[in-house]
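So this one's target_12.csv, CSV, C-alpha atoms:
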chain,number,residue,atom,x,y,z
A,1,MET,CA,-12.1,6.1,-43.3
A,2,PHE,CA,-14.2,8.1,-40.9
A,3,VAL,CA,-14.2,5.3,-38.3
A,4,GLU,CA,-10.4,5.0,-38.5
A,5,VAL,CA,-9.9,8.7,-38.0
A,6,LEU,CA,-12.3,8.7,-35.1
A,7,GLY,CA,-10.5,5.7,-33.6
A,8,ILE,CA,-7.1,7.3,-33.8
A,9,LEU,CA,-8.3,10.7,-32.5
A,10,PHE,CA,-10.0,9.0,-29.5
A,11,SER,CA,-7.0,6.8,-28.8
A,12,VAL,CA,-4.6,9.8,-28.9
A,13,PHE,CA,-6.9,11.7,-26.6
A,14,ALA,CA,-7.1,8.7,-24.2
A,15,LEU,CA,-3.3,8.4,-24.3
A,16,SER,CA,-2.9,12.1,-23.5
A,17,ARG,CA,-5.1,11.6,-20.4
A,18,VAL,CA,-3.0,8.6,-19.3
A,19,ILE,CA,0.2,10.7,-19.5
A,20,LEU,CA,-1.5,13.7,-17.8
A,21,ARG,CA,-2.8,11.5,-14.9
A,22,PHE,CA,0.7,9.9,-14.5
A,23,ARG,CA,2.4,13.3,-14.4
A,24,GLU,CA,-0.1,14.4,-11.7
A,25,GLY,CA,0.9,11.3,-9.7
A,26,ARG,CA,-2.6,9.9,-9.8
A,27,LEU,CA,-1.6,6.8,-11.9
A,28,SER,CA,1.0,4.3,-10.9
A,29,TRP,CA,3.8,3.2,-13.2
A,30,GLY,CA,2.2,-0.2,-13.8
A,31,MET,CA,-1.2,1.2,-14.7
A,32,MET,CA,0.4,3.9,-16.9
A,33,LEU,CA,2.2,1.2,-18.8
A,34,LEU,CA,-0.9,-1.0,-19.1
A,35,TRP,CA,-3.1,1.8,-20.4
A,36,SER,CA,-0.4,3.1,-22.8
A,37,ILE,CA,0.1,-0.4,-24.3
A,38,ALA,CA,-3.7,-0.7,-24.6
A,39,TRP,CA,-4.2,2.6,-26.5
A,40,LEU,CA,-1.1,2.3,-28.6
A,41,SER,CA,-2.3,-1.2,-29.6
A,42,VAL,CA,-5.6,0.4,-30.8
A,43,ILE,CA,-3.7,3.0,-32.8
A,44,ALA,CA,-1.5,0.3,-34.3
A,45,PHE,CA,-4.4,-1.8,-35.2
A,46,VAL,CA,-6.3,1.0,-36.8
A,47,LEU,CA,-3.3,2.1,-38.9
A,48,THR,CA,-2.2,-1.4,-39.9
A,49,PRO,CA,-5.0,-4.0,-39.2
A,50,THR,CA,-2.7,-6.8,-40.4
A,51,SER,CA,0.0,-6.0,-37.8
A,52,PHE,CA,-1.7,-8.3,-35.3
A,53,GLU,CA,-2.3,-11.1,-37.8
A,54,ALA,CA,0.7,-13.2,-36.8
A,55,LEU,CA,0.0,-12.8,-33.1
A,56,SER,CA,-3.7,-13.7,-33.5
A,57,LYS,CA,-3.0,-16.7,-35.6
A,58,ALA,CA,-0.3,-17.9,-33.2
A,59,ILE,CA,-3.0,-18.2,-30.5
A,60,GLY,CA,-5.5,-19.8,-32.8
A,61,ILE,CA,-7.7,-16.8,-33.7
A,62,GLN,CA,-8.0,-16.3,-37.5
A,63,ARG,CA,-9.1,-12.7,-37.8
A,64,PRO,CA,-7.1,-9.9,-36.1
A,65,LEU,CA,-10.3,-8.0,-35.4
A,66,ASP,CA,-11.6,-11.0,-33.3
A,67,PHE,CA,-8.3,-10.9,-31.5
A,68,MET,CA,-8.7,-7.3,-30.6
A,69,LEU,CA,-12.3,-7.8,-29.5
A,70,ILE,CA,-11.3,-10.7,-27.2
A,71,ALA,CA,-8.4,-8.8,-25.8
A,72,GLY,CA,-10.7,-5.8,-25.2
A,73,VAL,CA,-13.2,-8.0,-23.3
A,74,LEU,CA,-10.5,-9.6,-21.2
A,75,LEU,CA,-9.0,-6.2,-20.4
A,76,ALA,CA,-12.5,-5.0,-19.4
A,77,TYR,CA,-13.0,-8.0,-17.1
A,78,TYR,CA,-9.6,-7.5,-15.5
A,79,LEU,CA,-10.2,-3.8,-14.9
A,80,THR,CA,-13.7,-4.6,-13.4
A,81,PHE,CA,-11.9,-6.9,-11.0
A,82,ARG,CA,-9.4,-4.2,-10.1
A,83,VAL,CA,-12.1,-1.7,-9.4
A,84,TYR,CA,-13.9,-4.3,-7.2
A,85,ILE,CA,-10.8,-4.9,-5.2
A,86,TYR,CA,-10.2,-1.2,-4.9
A,87,LEU,CA,-13.7,-0.6,-3.6
A,88,GLU,CA,-13.3,-3.4,-1.1
A,89,GLU,CA,-10.1,-1.8,0.2
A,90,LEU,CA,-11.8,1.5,0.4
A,91,ARG,CA,-14.8,0.0,2.3
A,92,SER,CA,-12.4,-1.7,4.7
A,93,ASP,CA,-10.4,1.5,5.3
A,94,LEU,CA,-13.6,3.5,5.7
A,95,GLY,CA,-14.8,0.9,8.2
A,96,LYS,CA,-11.6,1.4,10.2
A,97,VAL,CA,-12.0,5.1,10.4
A,98,VAL,CA,-15.7,5.0,11.3
A,99,ARG,CA,-15.0,2.4,14.0
A,100,GLU,CA,-12.2,4.4,15.5
A,101,VAL,CA,-14.3,7.6,15.5
A,102,ALA,CA,-17.2,5.6,17.1
A,103,LEU,CA,-15.1,4.0,19.8
A,104,GLU,CA,-13.2,7.2,20.6
A,105,GLY,CA,-16.5,9.1,20.9
A,106,GLY,CA,-18.6,6.5,22.8
A,107,ARG,CA,-18.2,4.7,26.0
A,108,VAL,CA,-19.8,1.7,27.7
A,109,ARG,CA,-21.9,2.6,30.7
A,110,LYS,CA,-21.7,0.3,33.6
A,111,LYS,CA,-25.0,-0.6,35.2
A,112,ARG,CA,-25.3,0.5,38.8
A,113,ARG,CA,-25.6,-2.5,40.9
A,114,SER,CA,-27.7,-2.2,44.1
A,115,ALA,CA,-25.9,-3.2,47.3
B,1,MET,CA,-17.6,-12.6,34.8
B,2,LYS,CA,-17.5,-9.3,33.0
B,3,THR,CA,-20.1,-9.4,30.2
B,4,LEU,CA,-21.0,-7.0,27.4
B,5,ILE,CA,-24.2,-7.2,25.5
B,6,VAL,CA,-23.9,-5.7,22.0
B,7,LEU,CA,-26.9,-4.5,20.1
B,8,PRO,CA,-26.2,-3.5,16.5
B,9,ALA,CA,-28.9,-1.1,15.6
B,10,TYR,CA,-29.9,0.7,12.4
B,11,ASN,CA,-33.1,2.7,12.5
B,12,GLU,CA,-34.6,0.7,15.4
B,13,ALA,CA,-36.2,3.6,17.2
B,14,PRO,CA,-39.8,2.1,17.3
B,15,VAL,CA,-38.6,-1.0,19.2
B,16,LEU,CA,-35.2,-0.2,20.8
B,17,GLY,CA,-36.6,1.4,24.0
B,18,ARG,CA,-38.7,-1.7,24.8
B,19,THR,CA,-35.8,-4.1,24.0
B,20,LEU,CA,-33.5,-2.2,26.3
B,21,VAL,CA,-36.1,-2.1,29.1
B,22,LEU,CA,-36.5,-5.9,28.9
B,23,LEU,CA,-32.7,-6.4,28.8
B,24,ARG,CA,-32.2,-4.2,31.8
B,25,GLU,CA,-34.8,-6.2,33.7
B,26,SER,CA,-33.2,-9.5,33.0
B,27,THR,CA,-29.5,-8.9,33.2
B,28,ASP,CA,-26.8,-7.0,35.1
B,29,ALA,CA,-24.4,-7.0,32.2
B,30,ASP,CA,-23.1,-3.9,30.5
B,31,ILE,CA,-25.0,-3.0,27.4
B,32,LEU,CA,-23.6,-1.3,24.3
B,33,VAL,CA,-25.7,-0.1,21.4
B,34,VAL,CA,-23.8,0.2,18.2
B,35,ASP,CA,-25.8,2.8,16.3
B,36,ASP,CA,-24.9,2.1,12.7
B,37,GLY,CA,-25.5,5.5,11.2
B,38,SER,CA,-29.3,5.6,12.0
B,39,VAL,CA,-31.3,8.5,10.6
B,40,ASP,CA,-34.0,8.1,13.2
B,41,ALA,CA,-34.0,8.5,17.0
B,42,THR,CA,-32.1,5.2,17.7
B,43,GLY,CA,-29.0,6.9,19.2
B,44,ARG,CA,-31.1,9.4,21.3
B,45,ILE,CA,-33.3,6.6,22.7
B,46,ALA,CA,-30.3,4.5,23.6
B,47,ARG,CA,-28.6,7.5,25.4
B,48,ARG,CA,-31.8,8.2,27.2
B,49,MET,CA,-31.9,4.6,28.5
B,50,ARG,CA,-28.4,5.2,29.9
B,51,VAL,CA,-26.7,2.4,28.1
B,52,GLY,CA,-23.4,2.6,26.3
B,53,VAL,CA,-23.7,4.0,22.8
B,54,VAL,CA,-21.2,4.2,20.0
B,55,ARG,CA,-22.2,5.7,16.7
B,56,HIS,CA,-21.0,5.0,13.2
B,57,VAL,CA,-21.1,8.3,11.4
B,58,VAL,CA,-22.3,6.5,8.3
B,59,ASN,CA,-24.2,3.3,7.8
B,60,MET,CA,-21.6,0.5,7.4
B,61,GLY,CA,-23.7,-2.6,7.7
B,62,LEU,CA,-24.4,-5.3,10.3
B,63,GLY,CA,-20.9,-6.9,10.0
B,64,ALA,CA,-19.2,-3.6,10.6
B,65,ALA,CA,-21.4,-2.9,13.6
B,66,ILE,CA,-20.6,-6.4,15.1
B,67,LYS,CA,-16.9,-5.8,14.5
B,68,THR,CA,-17.2,-2.5,16.4
B,69,GLY,CA,-18.8,-4.5,19.2
B,70,PHE,CA,-15.9,-7.0,19.2
B,71,GLU,CA,-13.4,-4.2,19.3
B,72,ALA,CA,-15.3,-2.5,22.3
B,73,ALA,CA,-15.3,-5.9,24.1
B,74,LYS,CA,-11.5,-6.3,23.5
B,75,ARG,CA,-10.7,-2.8,24.6
B,76,GLY,CA,-12.9,-3.0,27.6
B,77,GLY,CA,-11.4,-6.3,28.8
B,78,TYR,CA,-14.7,-8.2,28.8
B,79,ASP,CA,-14.7,-11.9,29.5
B,80,VAL,CA,-17.9,-12.5,27.5
B,81,MET,CA,-19.7,-10.8,24.7
B,82,VAL,CA,-23.2,-11.4,23.6
B,83,THR,CA,-24.7,-10.1,20.4
B,84,PHE,CA,-28.4,-9.4,20.6
B,85,ASP,CA,-30.7,-8.1,17.8
B,86,ALA,CA,-32.2,-4.7,18.6
B,87,ASP,CA,-35.5,-5.4,16.8
B,88,GLY,CA,-36.8,-7.3,19.9
B,89,GLN,CA,-36.9,-10.7,18.3
B,90,HIS,CA,-35.0,-12.4,21.1
B,91,ASP,CA,-36.1,-13.2,24.6
B,92,PRO,CA,-33.6,-11.5,27.0
B,93,GLY,CA,-34.1,-14.5,29.4
B,94,ASP,CA,-32.3,-16.7,26.8
B,95,ILE,CA,-29.1,-14.9,27.5
B,96,LYS,CA,-28.8,-16.9,30.7
B,97,VAL,CA,-29.1,-20.1,28.6
B,98,LEU,CA,-26.3,-19.0,26.3
B,99,LEU,CA,-24.0,-18.1,29.2
B,100,LYS,CA,-24.6,-21.4,30.8
B,101,ALA,CA,-23.8,-23.2,27.6
B,102,LEU,CA,-20.6,-21.1,27.2
B,103,ARG,CA,-19.1,-22.9,30.2
B,104,GLY,CA,-18.3,-25.8,27.8
B,105,ALA,CA,-17.8,-23.8,24.6
B,106,ASP,CA,-16.1,-20.8,23.1
B,107,VAL,CA,-19.0,-19.7,20.9
B,108,VAL,CA,-22.7,-20.4,21.5
B,109,ILE,CA,-25.3,-19.8,18.8
B,110,GLY,CA,-28.9,-19.3,19.9
B,111,ALA,CA,-30.8,-21.4,17.4
B,112,ARG,CA,-34.2,-19.8,16.9
B,113,THR,CA,-36.3,-23.0,17.1
B,114,ARG,CA,-38.9,-22.1,19.7
B,115,GLY,CA,-41.7,-20.0,18.2
B,116,ILE,CA,-40.3,-20.6,14.7
B,117,GLU,CA,-43.9,-21.1,13.5
B,118,ASN,CA,-44.3,-17.3,13.8
B,119,MET,CA,-41.3,-16.7,11.5
B,120,PRO,CA,-42.5,-15.7,8.0
B,121,PHE,CA,-42.3,-18.6,5.5
B,122,LEU,CA,-39.9,-16.8,3.2
B,123,LYS,CA,-37.5,-16.1,6.0
B,124,ARG,CA,-37.6,-19.7,7.1
B,125,VAL,CA,-36.8,-20.9,3.5
B,126,GLY,CA,-34.1,-18.3,3.2
B,127,ASN,CA,-32.5,-19.3,6.5
B,128,PHE,CA,-32.6,-23.0,5.5
B,129,ALA,CA,-30.9,-22.2,2.2
B,130,LEU,CA,-28.2,-20.1,3.9
B,131,ASN,CA,-27.6,-22.8,6.5
B,132,MET,CA,-27.0,-25.3,3.7
B,133,LEU,CA,-24.8,-22.9,1.8
B,134,THR,CA,-22.8,-22.1,5.0
B,135,GLY,CA,-22.3,-25.8,5.4
B,136,LEU,CA,-21.3,-26.4,1.8
B,137,PHE,CA,-18.9,-23.4,1.7
B,138,PHE,CA,-17.4,-23.6,5.2
B,139,GLY,CA,-18.1,-27.1,6.3
B,140,ILE,CA,-20.1,-26.0,9.3
B,141,PHE,CA,-23.8,-27.2,9.4
B,142,SER,CA,-25.8,-25.1,11.8
B,143,SER,CA,-29.5,-25.2,12.4
B,144,ASP,CA,-29.5,-21.4,12.5
B,145,SER,CA,-26.4,-19.9,10.9
B,146,GLN,CA,-28.1,-16.4,10.6
B,147,SER,CA,-29.2,-16.0,14.3
B,148,GLY,CA,-28.2,-12.7,15.8
B,149,LEU,CA,-28.2,-14.1,19.4
B,150,ARG,CA,-24.7,-15.4,20.1
B,151,ALA,CA,-22.3,-15.6,23.0
B,152,PHE,CA,-18.5,-15.5,22.8
B,153,ASN,CA,-15.9,-16.1,25.5
B,154,ARG,CA,-12.6,-14.2,25.8
B,155,ILE,CA,-10.8,-16.7,23.5
B,156,ALA,CA,-13.4,-16.1,20.8
B,157,ILE,CA,-13.4,-12.3,21.3
B,158,GLU,CA,-9.6,-12.3,20.8
B,159,SER,CA,-9.4,-14.7,17.9
B,160,ILE,CA,-12.4,-14.0,15.7
B,161,SER,CA,-11.5,-11.6,12.9
B,162,ILE,CA,-14.4,-10.2,10.9
B,163,ARG,CA,-14.0,-8.9,7.3
B,164,ALA,CA,-17.7,-8.9,6.2
B,165,SER,CA,-19.5,-5.7,6.5
B,166,LYS,CA,-23.1,-6.7,5.8
B,167,TYR,CA,-25.4,-9.6,6.7
B,168,GLU,CA,-22.8,-12.2,5.5
B,169,VAL,CA,-21.1,-11.7,8.9
B,170,SER,CA,-23.3,-14.4,10.4
B,171,SER,CA,-21.8,-17.1,8.2
B,172,GLU,CA,-18.4,-15.6,8.6
B,173,ILE,CA,-18.5,-15.9,12.4
B,174,LEU,CA,-19.1,-19.7,11.9
B,175,TYR,CA,-16.2,-19.9,9.5
B,176,GLU,CA,-14.0,-18.0,11.9
B,177,ALA,CA,-15.0,-20.3,14.8
B,178,ARG,CA,-13.9,-23.3,12.7
B,179,ARG,CA,-10.7,-21.6,11.4
B,180,ASN,CA,-9.6,-20.8,14.9
B,181,GLY,CA,-10.5,-24.3,16.3
B,182,LEU,CA,-13.1,-22.8,18.7
B,183,ARG,CA,-15.6,-25.0,20.4
B,184,LEU,CA,-19.0,-24.2,18.9
B,185,ARG,CA,-22.4,-25.0,20.5
B,186,GLU,CA,-26.0,-24.4,19.7
B,187,VAL,CA,-28.8,-24.0,22.2
B,188,PRO,CA,-32.5,-23.6,21.3
B,189,VAL,CA,-33.9,-20.1,21.9
B,190,GLU,CA,-37.2,-18.4,21.4
B,191,VAL,CA,-37.9,-16.1,18.4
B,192,ILE,CA,-40.5,-13.4,18.9
B,193,TYR,CA,-41.8,-11.9,15.6
B,194,SER,CA,-43.5,-8.5,15.6
B,195,GLU,CA,-44.6,-6.6,12.6
B,196,HIS,CA,-41.4,-4.6,13.0
B,197,SER,CA,-39.0,-7.5,13.2
B,198,LYS,CA,-40.8,-9.2,10.3
B,199,ALA,CA,-39.9,-6.2,8.1
B,200,ARG,CA,-36.2,-6.3,9.3
B,201,GLY,CA,-33.4,-8.8,9.1
B,202,THR,CA,-32.2,-10.8,6.2
B,203,LYS,CA,-34.4,-10.6,3.1
B,204,VAL,CA,-34.4,-12.9,0.1
B,205,SER,CA,-32.4,-10.3,-1.8
B,206,ASP,CA,-29.9,-10.2,1.0
B,207,GLY,CA,-29.7,-14.0,0.8
B,208,PHE,CA,-28.5,-13.7,-2.8
B,209,LYS,CA,-26.0,-11.1,-1.9
B,210,ILE,CA,-24.7,-13.3,0.9
B,211,PHE,CA,-24.4,-16.2,-1.5
B,212,TRP,CA,-22.6,-14.0,-4.0
B,213,ARG,CA,-20.1,-12.8,-1.5
B,214,MET,CA,-19.4,-16.3,-0.2
B,215,ILE,CA,-18.4,-17.2,-3.8
B,216,LEU,CA,-16.3,-14.1,-4.3
B,217,HIS,CA,-14.4,-14.3,-1.0
B,218,GLN,CA,-14.6,-18.0,-0.5
B,219,ARG,CA,-15.0,-17.1,3.2
B,220,CYS,CA,-17.5,-14.2,3.1

Could you render the structure as structure tokens?
Amino acid sequence: MFVEVLGILFSVFALSRVILRFREGRLSWGMMLLWSIAWLSVIAFVLTPTSFEALSKAIGIQRPLDFMLIAGVLLAYYLTFRVYIYLEELRSDLGKVVREVALEGGRVRKKRRSA
Amino acid sequence: MKTLIVLPAYNEAPVLGRTLVLLRESTDADILVVDDGSVDATGRIARRMRVGVVRHVVNMGLGAAIKTGFEAAKRGGYDVMVTFDADGQHDPGDIKVLLKALRGADVVIGARTRGIENMPFLKRVGNFALNMLTGLFFGIFSSDSQSGLRAFNRIAIESISIRASKYEVSSEILYEARRNGLRLREVPVEVIYSEHSKARGTKVSDGFKIFWRMILHQRC
């Protein structure tokens, strides 16, 4: 019982953070939707563990708990990939800024050629 | 022929002065040091030598420094750009060899075959492995894909687009040459290994990183 209560409390807290970040404009519609579905799924699973039985069996996984674990791992991989792409974009943008500052501040000296 | 020699430099203060003196003695070309966020006197030494200096405010990596060199060459309207390692491992006299070879090519790689016996064994093995991987991933087999001594003509300067920010840039340049249908040539050049240059350049750990990024990006 304790684990279930803890699971629900944590999910509600996480869901509140999702809504808060969305209101602040720091989370896009798509990511808000993805995270809301993820945390609502956890709440639904804790309250009624059998609710995912039909879905898990339909894709060949016997136990709903296994289904949730696999879905969680897949989601974690997907989010790691998203973070990687985001970091690459940030690195690229930072590179552009650093390059522009360097080229604006520096200049190529021409070697004086003797006559 | 308006030529720009680009030296990407990160904490090269102990050797940069000597490298620039030797370069000055052997060529009339314009010289640009790309100080990649060095925390030592690299930038100060370069300015004292009265060569062009641009400074990255933070360390961005070899690829980013070379990309800055390309951008400077484009904006400056240069006909030829030569990349030259700041650690003093190249013979400035080899630049003439590269420029001569550039008459029949768009990109010339200085393959470090002369004096290779002085190259540390691990670096030699690493370079061989990266040559093979560059060939497998990009279909270009080079005898020295990681050489920092290269020459590019105007067509290459305009068409090569660099995304890599670290050491994987060397393999990416070969990929870009192939993607743009550029004529690629290799000429043998000398490699001079000092204690300083032995400690610099691509390490085994960098080799793994380059391999990993080749897989992730399928280009670099």

**Study point:** Point-to-point distance from CA of Arg55 in chain B to CA of Pro14 in chain B, Å rounded to tenths
**Key:**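 Between CA of Arg55 in chain B and CA of Pro14 in chain B the gap is 18.0 Å.
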
Review point. Within 10 Å of chain A, which residues of chain B show up when using only C-alpha atoms, listed as a VMD selection string?
Key: chain B and resid 4 24 27 to 37 47 50 to 61 64 to 65 67 to 69 71 to 73 75 to 76 163 to 165

Point to revise | Pick from B:Val39, B:Val107, B:Val125, B:Leu98 nearest to Gly181 in chain B, counting only C-alpha atoms | key: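 Ranked by minimum distance to Gly181 in chain B, first place goes to B:Val107.
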
Practice item. Compile the contact shell of range 23-38 of chain A as an NGL selection string: residues with an atom at most 12 Å away, counting all atoms listed in the file, same-chain residues fewer than 4 positions apart removed. Key: :A and (11-19 or 42-45 or 68 or 71-72 or 74-76 or 78-79 or 82)

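Separating CA of Ile85 in chain A from CA of Asn131 in chain B is a distance of 27.2 Å.
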
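Picture a line from CA of Arg112 in chain B to CA of Thr83 in chain B; it runs 14.0 Å.
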
Your completed range 26-46 of chain A with N, CA and C atoms, as an mmCIF file, in the coordinates of the input:
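Output file selection-v3.cif is given in full below:
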data_model
loop_
_atom_site.group_PDB
_atom_site.id
_atom_site.type_symbol
_atom_site.label_atom_id
_atom_site.label_comp_id
_atom_site.auth_asym_id
_atom_site.auth_seq_id
_atom_site.Cartn_x
_atom_site.Cartn_y
_atom_site.Cartn_z
ATOM 1 N N ARG A 26 -1.363 10.568 -10.142
ATOM 2 C CA ARG A 26 -2.600 9.900 -9.800
ATOM 3 C C ARG A 26 -2.671 8.483 -10.450
ATOM 4 N N LEU A 27 -1.632 8.135 -11.201
ATOM 5 C CA LEU A 27 -1.600 6.800 -11.900
ATOM 6 C C LEU A 27 -0.231 6.196 -11.591
ATOM 7 N N SER A 28 -0.244 4.926 -11.203
ATOM 8 C CA SER A 28 1.000 4.300 -10.900
ATOM 9 C C SER A 28 1.754 3.916 -12.203
ATOM 10 N N TRP A 29 3.044 3.550 -12.065
ATOM 11 C CA TRP A 29 3.800 3.200 -13.200
ATOM 12 C C TRP A 29 3.176 1.992 -13.968
ATOM 13 N N GLY A 30 2.776 1.012 -13.201
ATOM 14 C CA GLY A 30 2.200 -0.200 -13.800
ATOM 15 C C GLY A 30 0.930 0.105 -14.587
ATOM 16 N N MET A 31 0.054 0.919 -13.994
ATOM 17 C CA MET A 31 -1.200 1.200 -14.700
ATOM 18 C C MET A 31 -0.961 2.139 -15.882
ATOM 19 N N MET A 32 0.023 3.032 -15.764
ATOM 20 C CA MET A 32 0.400 3.900 -16.900
ATOM 21 C C MET A 32 0.831 3.036 -18.068
ATOM 22 N N LEU A 33 1.670 2.050 -17.745
ATOM 23 C CA LEU A 33 2.200 1.200 -18.800
ATOM 24 C C LEU A 33 1.073 0.360 -19.438
ATOM 25 N N LEU A 34 0.185 -0.185 -18.595
ATOM 26 C CA LEU A 34 -0.900 -1.000 -19.100
ATOM 27 C C LEU A 34 -1.824 -0.207 -20.039
ATOM 28 N N TRP A 35 -2.206 0.997 -19.598
ATOM 29 C CA TRP A 35 -3.100 1.800 -20.400
ATOM 30 C C TRP A 35 -2.401 2.310 -21.686
ATOM 31 N N SER A 36 -1.107 2.645 -21.595
ATOM 32 C CA SER A 36 -0.400 3.100 -22.800
ATOM 33 C C SER A 36 -0.321 1.997 -23.820
ATOM 34 N N ILE A 37 -0.009 0.773 -23.355
ATOM 35 C CA ILE A 37 0.100 -0.400 -24.300
ATOM 36 C C ILE A 37 -1.328 -0.582 -24.928
ATOM 37 N N ALA A 38 -2.380 -0.473 -24.113
ATOM 38 C CA ALA A 38 -3.700 -0.700 -24.600
ATOM 39 C C ALA A 38 -4.075 0.298 -25.734
ATOM 40 N N TRP A 39 -3.843 1.589 -25.465
ATOM 41 C CA TRP A 39 -4.200 2.600 -26.500
ATOM 42 C C TRP A 39 -3.293 2.622 -27.663
ATOM 43 N N LEU A 40 -1.994 2.354 -27.437
ATOM 44 C CA LEU A 40 -1.100 2.300 -28.600
ATOM 45 C C LEU A 40 -1.432 1.087 -29.463
ATOM 46 N N SER A 41 -1.889 0.006 -28.854
ATOM 47 C CA SER A 41 -2.300 -1.200 -29.600
ATOM 48 C C SER A 41 -3.511 -0.833 -30.506
ATOM 49 N N VAL A 42 -4.413 -0.038 -29.954
ATOM 50 C CA VAL A 42 -5.600 0.400 -30.800
ATOM 51 C C VAL A 42 -5.143 1.194 -31.951
ATOM 52 N N ILE A 43 -4.228 2.146 -31.702
ATOM 53 C CA ILE A 43 -3.700 3.000 -32.800
ATOM 54 C C ILE A 43 -3.046 2.135 -33.865
ATOM 55 N N ALA A 44 -2.186 1.216 -33.377
ATOM 56 C CA ALA A 44 -1.500 0.300 -34.300
ATOM 57 C C ALA A 44 -2.429 -0.508 -35.124
ATOM 58 N N PHE A 45 -3.480 -0.972 -34.471
ATOM 59 C CA PHE A 45 -4.400 -1.800 -35.200
ATOM 60 C C PHE A 45 -5.233 -1.034 -36.212
ATOM 61 N N VAL A 46 -5.578 0.212 -35.869
ATOM 62 C CA VAL A 46 -6.300 1.000 -36.800
ATOM 63 C C VAL A 46 -5.481 1.375 -38.034
#
